[in-house]
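Visitor: Dropping the structure in here first, questions after.
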Amino acid sequence: MSPSVITLQHPALGPIRGKAHNGVVQYLGIKYASLSHRFSIPELYSGAGGSIVTDATQLGPAVIGLPNGCKAEQALIQQTLPLPDFPPQSDTEGLNLTITLPGNPEKSKLPVFVFVHGGGLITGSGTWPQYDHGAFVRRSAELGKPVIGVNINYRTGPLGFLTSEELQTAGLAANNGLRDQKVAFQWIRRFISGFGGDPDQITAIGQSAGAACLTLLLQSDEPLFNRVALLSGTCLAIRPQPTSVHNQVYRRFCEAHNLADGGVDTKMEAINQIDSYTLVANTPPSVALAPALDEFIHTNFTLETIKNNSKTGDITTTIPGFGWCDDLLIGDCSLDGNIHQLALAHRKNDIAKQLEISLKKNIPNHDREIERLLADYGISTAPDDERAYLKVLEFATDIVFTVPNDLFAEAWPKSKYVYHIDEPNPWEGPFLGHATHILDVALLFKNFDEKLDAPARSVGGAFSDNMIKFVNGEAPWKANTTDDPVAFIYRQGVNEVREDTSRSVGRKQILYRLQDSIGLDSILVAFQLFLGGQ
């Protein structure tokens with residue numbers, strides 16, 4: 001059955017034409033911010049207003065991103081979905097969003113969730129089919145807990161996160177991608193009531209780099225959302241960097257684009273001559289883009305400092321969002337580290353020895369502890385390179401994802417709900433049988449349900465249903481507390497709350513045992529240097 005067109009009379013934005021299909025109504029490609037040029041600060045867009053009809057029946061343009069980024073992410077998921085007819089990407093018109101409503105809501109002022117996609121800050125779009133909210137919103141209505149979903153685009157890559165002292169002198173602000181996200185939340189709080197949503201019941205859901213961005217937005221003095229769900233990502237692993245570091249990244253960017261000579265005016269003129277597709281596609285991985293420390297993002301928490309700040313009780317002074325945001329849901333997949341295949345798959349040959357040499361170089365005077373760490377993880381004792389590679393990815397899971405999650409949750413002063421996904425990826429690929437990075441999104445939004453068997457669908461269904469409860473302001477499961485550290489385990493045959501003993505039992509104890517001698521931050525930074533080839 002083909003979609004039918006429906007027109008909403010929005011009290012502030014005027015008439016908006018959307019499409020109704022399969023029990024939901026979607027308004028696609030609604031502009032939320034204006035850009036005067038591709039590097040400019042976003043300005044909230046309040047619509048044409050009056051009687052001018054906004055056509056929201058087709059996907060809006062994505063921001064300029066990596067070629068075939070959607071296919072690349074589906075390859076990481078190890079399963080595909082049909083691709084829609086994406087419109088051409090845009091320098092300045094990509095800041096739009098999609099709103100998904102239940103088809104026949106029985107009440108107004110519905111709870112709202114906003115999804116911030118991942119992609120390592122270099123790729124991604126809310127228009128990708130794996131993020132579609134239709135099935136999730138339809139399920140919420142079936143449960144009698146209807147919600148509204150919002151998918152946003154934001155700038156990634158050089159357009160979103162390139163900065164330097166030189167660029168700032170030329171008037172270009174840092175953290176464009178984060179600024180886009182903040183304006184998107186401001187737009188939603190201002191206009192969502194006209195779609196039947198409650199601006200005082202907004203849940204932010206972020207995955208991977210999107211989750212890390214949400215933890216940085218908690219530094220905003222202005223409240224942006226009421227609850228936050230962090231799926232495999234925090235700013236403790238994707239950290240904002242000082243200008244001195246960004247100057248080095250900018251230098252590598254200029255070298256990659258043959259812009260090394262000349263002053264700031266010459267370079268800016270040359271950059272402006274490069275079209276955005278070329279600018280993005282020809283920026284190599286060695287240009288390690290990251291958030292920046294500036295007046296917008298002012299604090300760089302480490303694993304150690306967030307732990308100490310939470311103990312002294314003054315964390316809301318430095319992270320206001322720990323005060324204005326109420327509830328936290330946070331978790332991981334048991335092999336999130338497989339995302340680092342992008343950096344390590346071609347380095348399998350003698351990978352255990354490579355890692356040992358790198359860690360010893362970057363953590364001097366701790367050779368014995370490093371040797372024990374590698375042995376305890378089964379890296380140095382692995383019978384072959386393939387097995388050692390898998391063990392390195394398990395180590396990566398713990399130091400990049402799970403331990404930062406632990407400490408972020410520990411610092412959270414209000415209600416918090418912890419989960420671990422241990423459901424094996426069921427699809428053919430290099431990580432068949434492991435709970436891989438991005439599997440959480442595949443399970444959550446139900447877009448792959450037809451490609452799952454019944455037991456796996458039940459695990460994904462439990463994850464979705466619990467998230468719907470959370471978006472509705474309900475406790476999705478028993479809260480995690482200092483006296484009762486529990487987590488929901490998502491796995492066939494389990495799907496229940498259990499005591500979260502992983503600090504004393506299992507892999508993570510290997511790292512926690514070293515927090516006083518080497519320090520968790522030293523291990524994390526050293527591993528990130530190893531990923532970068534150092």
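Numbering starts fresh at 1 for the residues of each chain in the structure tokens, the chains themselves are lettered A, B, ... in the order given, and ligands are numbered from 1 as they appear.
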Could you find all residues in region 225-368 of chain A that DSSP calls strand (DSSP E or B) from the backbone, and write them as a ChimeraX atom specification?
Guide: /A:227-231,241,292,327-333,335
Visitor: So that I can check the surroundings of Asp449 (chain A), please list as a PyMOL selection string every protein, DNA and RNA residue that reaches within 12 Å of it, counting only C-alpha atoms and ignoring chain neighbours fewer than 2 positions away.
Guide: chain A and resi 79-81+130+135-136+426+441-447+451-461+464
Visitor: Please list as a ChimeraX atom specification every residue within 12 Å of Arg387 (chain A), counting only C-alpha atoms and excluding residues in the same chain fewer than 3 positions away.
Guide: /A:348-352,377-384,390-394
Visitor: Which of these, A:Pro15, A:Gly65, A:Gly60, A:Pro223, has the shortest distance to Pro87 (chain A) once you count only C-alpha atoms?
Guide: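 So, comparing all the options, the nearest one is A:Gly60.
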Visitor: Region 419-423 of chain A: which residues within 6 Å, counting only C-alpha atoms, same-chain residues fewer than 3 positions away excluded, as a list in words?
Guide: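 Near region 419-423 of chain A, the qualifying residues are Gly331, Asp332, Cys333, Ser334, Ala435, Ala487, Phe488, Ile489, Tyr490 and Arg491 of chain A.
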Visitor: Please produce an output containing C-alpha atoms for each residue in the selection, written as a tab-separated table (two decimals), in the first residue's frame.
Guide:
```tsv
chain	number	residue	atom	x	y	z
A	331	GLY	CA	25.55	0.27	27.97
A	332	ASP	CA	27.74	-1.56	25.51
A	333	CYS	CA	28.11	-4.58	23.25
A	334	SER	CA	30.56	-7.26	24.33
A	435	ALA	CA	28.01	-8.87	19.92
A	487	ALA	CA	22.79	-4.42	34.78
A	488	PHE	CA	20.32	-5.78	32.25
A	489	ILE	CA	21.95	-8.54	30.20
A	490	TYR	CA	20.61	-8.87	26.67
A	491	ARG	CA	21.25	-12.41	25.47
```
Visitor: Which of these, A:Leu13, A:Ala204, A:Val112, A:Leu231, has the shortest distance to Tyr32 (chain A) once you count only C-alpha atoms?
Guide: A:Leu13
Visitor: Would you give me, as a VMD selection string, the residues in region 353-412 of chain A that DSSP reads as alpha helix (DSSP H)?
Guide: chain A and resid 353 to 362 367 to 376 385 to 396 403 to 411
Visitor: Store the residues picked out above in a file with N, CA and C atoms, as a CSV table (one decimal), in the first residue's frame.
Guide:
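The resulting out_30.csv:
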```csv
chain,number,residue,atom,x,y,z
A,353,LYS,N,52.9,-8.7,19.0
A,353,LYS,CA,54.2,-8.1,19.2
A,353,LYS,C,54.1,-6.6,18.9
A,354,GLN,N,53.4,-6.2,17.9
A,354,GLN,CA,53.2,-4.8,17.6
A,354,GLN,C,52.6,-4.0,18.7
A,355,LEU,N,51.6,-4.6,19.4
A,355,LEU,CA,50.9,-3.9,20.5
A,355,LEU,C,51.9,-3.9,21.7
A,356,GLU,N,52.6,-4.9,21.9
A,356,GLU,CA,53.5,-4.9,23.1
A,356,GLU,C,54.6,-3.8,22.9
A,357,ILE,N,55.1,-3.7,21.7
A,357,ILE,CA,56.2,-2.7,21.4
A,357,ILE,C,55.6,-1.3,21.6
A,358,SER,N,54.4,-1.1,21.1
A,358,SER,CA,53.7,0.2,21.2
A,358,SER,C,53.4,0.6,22.6
A,359,LEU,N,52.8,-0.3,23.4
A,359,LEU,CA,52.5,0.0,24.7
A,359,LEU,C,53.7,0.3,25.6
A,360,LYS,N,54.7,-0.5,25.4
A,360,LYS,CA,56.0,-0.3,26.2
A,360,LYS,C,56.6,1.1,25.8
A,361,LYS,N,56.5,1.5,24.6
A,361,LYS,CA,57.1,2.8,24.2
A,361,LYS,C,56.3,3.9,24.7
A,362,ASN,N,54.9,3.8,24.7
A,362,ASN,CA,54.1,4.9,25.1
A,362,ASN,C,53.7,4.9,26.6
A,367,ASP,N,57.1,-2.2,31.9
A,367,ASP,CA,57.2,-3.4,31.0
A,367,ASP,C,56.5,-4.6,31.6
A,368,ARG,N,56.8,-4.9,32.9
A,368,ARG,CA,56.3,-6.1,33.5
A,368,ARG,C,54.7,-6.1,33.6
A,369,GLU,N,54.2,-4.9,34.0
A,369,GLU,CA,52.7,-4.8,34.0
A,369,GLU,C,52.1,-5.0,32.6
A,370,ILE,N,52.7,-4.4,31.6
A,370,ILE,CA,52.2,-4.6,30.3
A,370,ILE,C,52.3,-6.0,29.8
A,371,GLU,N,53.4,-6.7,30.1
A,371,GLU,CA,53.5,-8.1,29.7
A,371,GLU,C,52.4,-8.9,30.4
A,372,ARG,N,52.1,-8.6,31.7
A,372,ARG,CA,51.0,-9.4,32.3
A,372,ARG,C,49.7,-9.0,31.7
A,373,LEU,N,49.4,-7.8,31.4
A,373,LEU,CA,48.2,-7.4,30.8
A,373,LEU,C,47.9,-8.1,29.5
A,374,LEU,N,49.0,-8.2,28.7
A,374,LEU,CA,48.8,-8.9,27.4
A,374,LEU,C,48.7,-10.4,27.6
A,375,ALA,N,49.3,-10.9,28.6
A,375,ALA,CA,49.1,-12.4,28.9
A,375,ALA,C,47.7,-12.7,29.4
A,376,ASP,N,47.2,-11.8,30.3
A,376,ASP,CA,45.9,-12.0,30.9
A,376,ASP,C,44.8,-11.9,29.9
A,385,ASP,N,48.0,-15.3,14.8
A,385,ASP,CA,47.7,-13.9,14.6
A,385,ASP,C,46.2,-13.7,14.6
A,386,GLU,N,45.4,-14.6,14.0
A,386,GLU,CA,43.9,-14.3,14.0
A,386,GLU,C,43.3,-14.3,15.4
A,387,ARG,N,43.8,-15.2,16.2
A,387,ARG,CA,43.3,-15.3,17.6
A,387,ARG,C,43.8,-14.1,18.4
A,388,ALA,N,45.0,-13.7,18.2
A,388,ALA,CA,45.6,-12.5,18.9
A,388,ALA,C,44.8,-11.3,18.5
A,389,TYR,N,44.5,-11.2,17.2
A,389,TYR,CA,43.7,-10.0,16.7
A,389,TYR,C,42.3,-9.9,17.4
A,390,LEU,N,41.6,-11.0,17.6
A,390,LEU,CA,40.4,-11.0,18.3
A,390,LEU,C,40.6,-10.6,19.7
A,391,LYS,N,41.6,-11.1,20.4
A,391,LYS,CA,41.9,-10.7,21.8
A,391,LYS,C,42.2,-9.2,21.9
A,392,VAL,N,42.9,-8.7,20.9
A,392,VAL,CA,43.2,-7.2,20.9
A,392,VAL,C,41.9,-6.4,20.8
A,393,LEU,N,40.9,-6.9,20.0
A,393,LEU,CA,39.6,-6.2,19.9
A,393,LEU,C,38.8,-6.4,21.2
A,394,GLU,N,39.0,-7.5,22.0
A,394,GLU,CA,38.4,-7.6,23.3
A,394,GLU,C,39.0,-6.6,24.3
A,395,PHE,N,40.3,-6.4,24.2
A,395,PHE,CA,41.0,-5.4,25.0
A,395,PHE,C,40.5,-4.0,24.6
A,396,ALA,N,40.3,-3.8,23.3
A,396,ALA,CA,39.8,-2.5,22.9
A,396,ALA,C,38.4,-2.2,23.4
A,403,VAL,N,35.0,0.3,30.2
A,403,VAL,CA,35.5,1.0,31.4
A,403,VAL,C,35.1,2.5,31.4
A,404,PRO,N,35.2,3.3,30.3
A,404,PRO,CA,34.6,4.6,30.3
A,404,PRO,C,33.1,4.6,30.7
A,405,ASN,N,32.3,3.7,30.2
A,405,ASN,CA,30.9,3.6,30.6
A,405,ASN,C,30.8,3.4,32.1
A,406,ASP,N,31.6,2.5,32.6
A,406,ASP,CA,31.5,2.3,34.1
A,406,ASP,C,31.7,3.6,34.9
A,407,LEU,N,32.7,4.3,34.5
A,407,LEU,CA,33.1,5.5,35.3
A,407,LEU,C,32.1,6.6,35.1
A,408,PHE,N,31.6,6.7,33.8
A,408,PHE,CA,30.6,7.8,33.6
A,408,PHE,C,29.3,7.5,34.4
A,409,ALA,N,28.9,6.2,34.4
A,409,ALA,CA,27.7,5.8,35.1
A,409,ALA,C,27.9,6.0,36.6
A,410,GLU,N,29.1,5.7,37.1
A,410,GLU,CA,29.5,5.9,38.5
A,410,GLU,C,29.4,7.3,38.9
A,411,ALA,N,29.7,8.2,38.0
A,411,ALA,CA,29.7,9.7,38.3
A,411,ALA,C,28.3,10.3,38.3
```
Visitor: Please provide the set of residues having any atom within 10 Å of region 210-222 of chain A, restricted to only C-alpha atoms, with same-chain residues fewer than 2 positions apart removed, written as JSON, numbers by chain.
Guide: {"A": [115, 116, 117, 118, 119, 120, 121, 124, 177, 178, 179, 181, 182, 186, 204, 205, 206, 207, 208, 224, 225, 228, 229, 230, 231, 232, 233, 234, 235, 236, 237, 238, 239, 240, 291, 296, 297, 298, 299, 300, 301, 316, 317, 318, 319, 320, 321, 322, 323, 324, 325, 330, 408]}
Visitor: Near Pro284 (chain A), counting only C-alpha atoms, which residues have an atom at most 12 Å away, once you skip same-chain residues fewer than 2 positions from it, shown as a compact mmCIF listing (two decimals) with C-alpha atoms, in the first residue's frame?
Guide:
```
# COMPACT_ATOMS: atom_id res chain seq x y z
CA LEU A 66 32.14 9.96 2.91
CA ILE A 122 33.60 11.54 9.92
CA GLY A 157 34.37 15.38 8.89
CA PRO A 158 36.28 18.59 8.13
CA VAL A 249 45.74 17.93 12.79
CA TYR A 250 45.17 21.03 10.66
CA ARG A 252 48.24 17.28 8.28
CA PHE A 253 44.98 18.36 6.63
CA CYS A 254 46.78 21.11 4.72
CA GLU A 255 49.52 18.71 3.63
CA ALA A 256 46.91 16.22 2.38
CA HIS A 257 45.31 18.94 0.25
CA THR A 278 36.79 16.53 -2.61
CA LEU A 279 37.51 18.12 0.75
CA VAL A 280 35.88 15.20 2.57
CA ALA A 281 36.94 12.33 0.31
CA ASN A 282 40.61 13.38 0.19
CA SER A 286 45.69 10.48 9.70
CA VAL A 287 43.74 13.75 10.02
CA ALA A 288 42.26 12.64 13.35
CA LEU A 289 39.26 14.94 13.75
CA GLY A 532 47.19 5.62 14.98
```
Visitor: Residues of region 51-114 of chain A that approach region 270-275 of chain A to 12 Å or less, counting only C-alpha atoms: could you list each one with the shortest pair of atoms and its distance in Å to one decimal, rows by chain and increasing residue number, as CSV?
Guide:
```
residue,atom,partner,partner_atom,distance
A:Ile64,CA,A:Asp275,CA,10.1
A:Ser90,CA,A:Asp275,CA,10.8
A:Asp91,CA,A:Asp275,CA,9.1
```
Visitor: I need the residues from that last selection saved to file as a tab-separated table (two decimals), in the first residue's frame (with N, CA and C atoms), if you can.
Guide:
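Written file, out.tsv:
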```tsv
chain	number	residue	atom	x	y	z
A	64	ILE	N	27.50	16.83	3.59
A	64	ILE	CA	28.54	16.19	2.78
A	64	ILE	C	29.28	15.17	3.65
A	90	SER	N	24.54	18.13	0.52
A	90	SER	CA	24.58	19.59	0.39
A	90	SER	C	25.55	20.22	1.38
A	91	ASP	N	26.25	21.25	0.92
A	91	ASP	CA	27.12	22.05	1.80
A	91	ASP	C	26.34	22.75	2.90
```
Visitor: Work out how far CA of Thr123 (chain A) is from CA of Ala20 (chain A), in Å to one decimal.
Guide: 29.2 Å
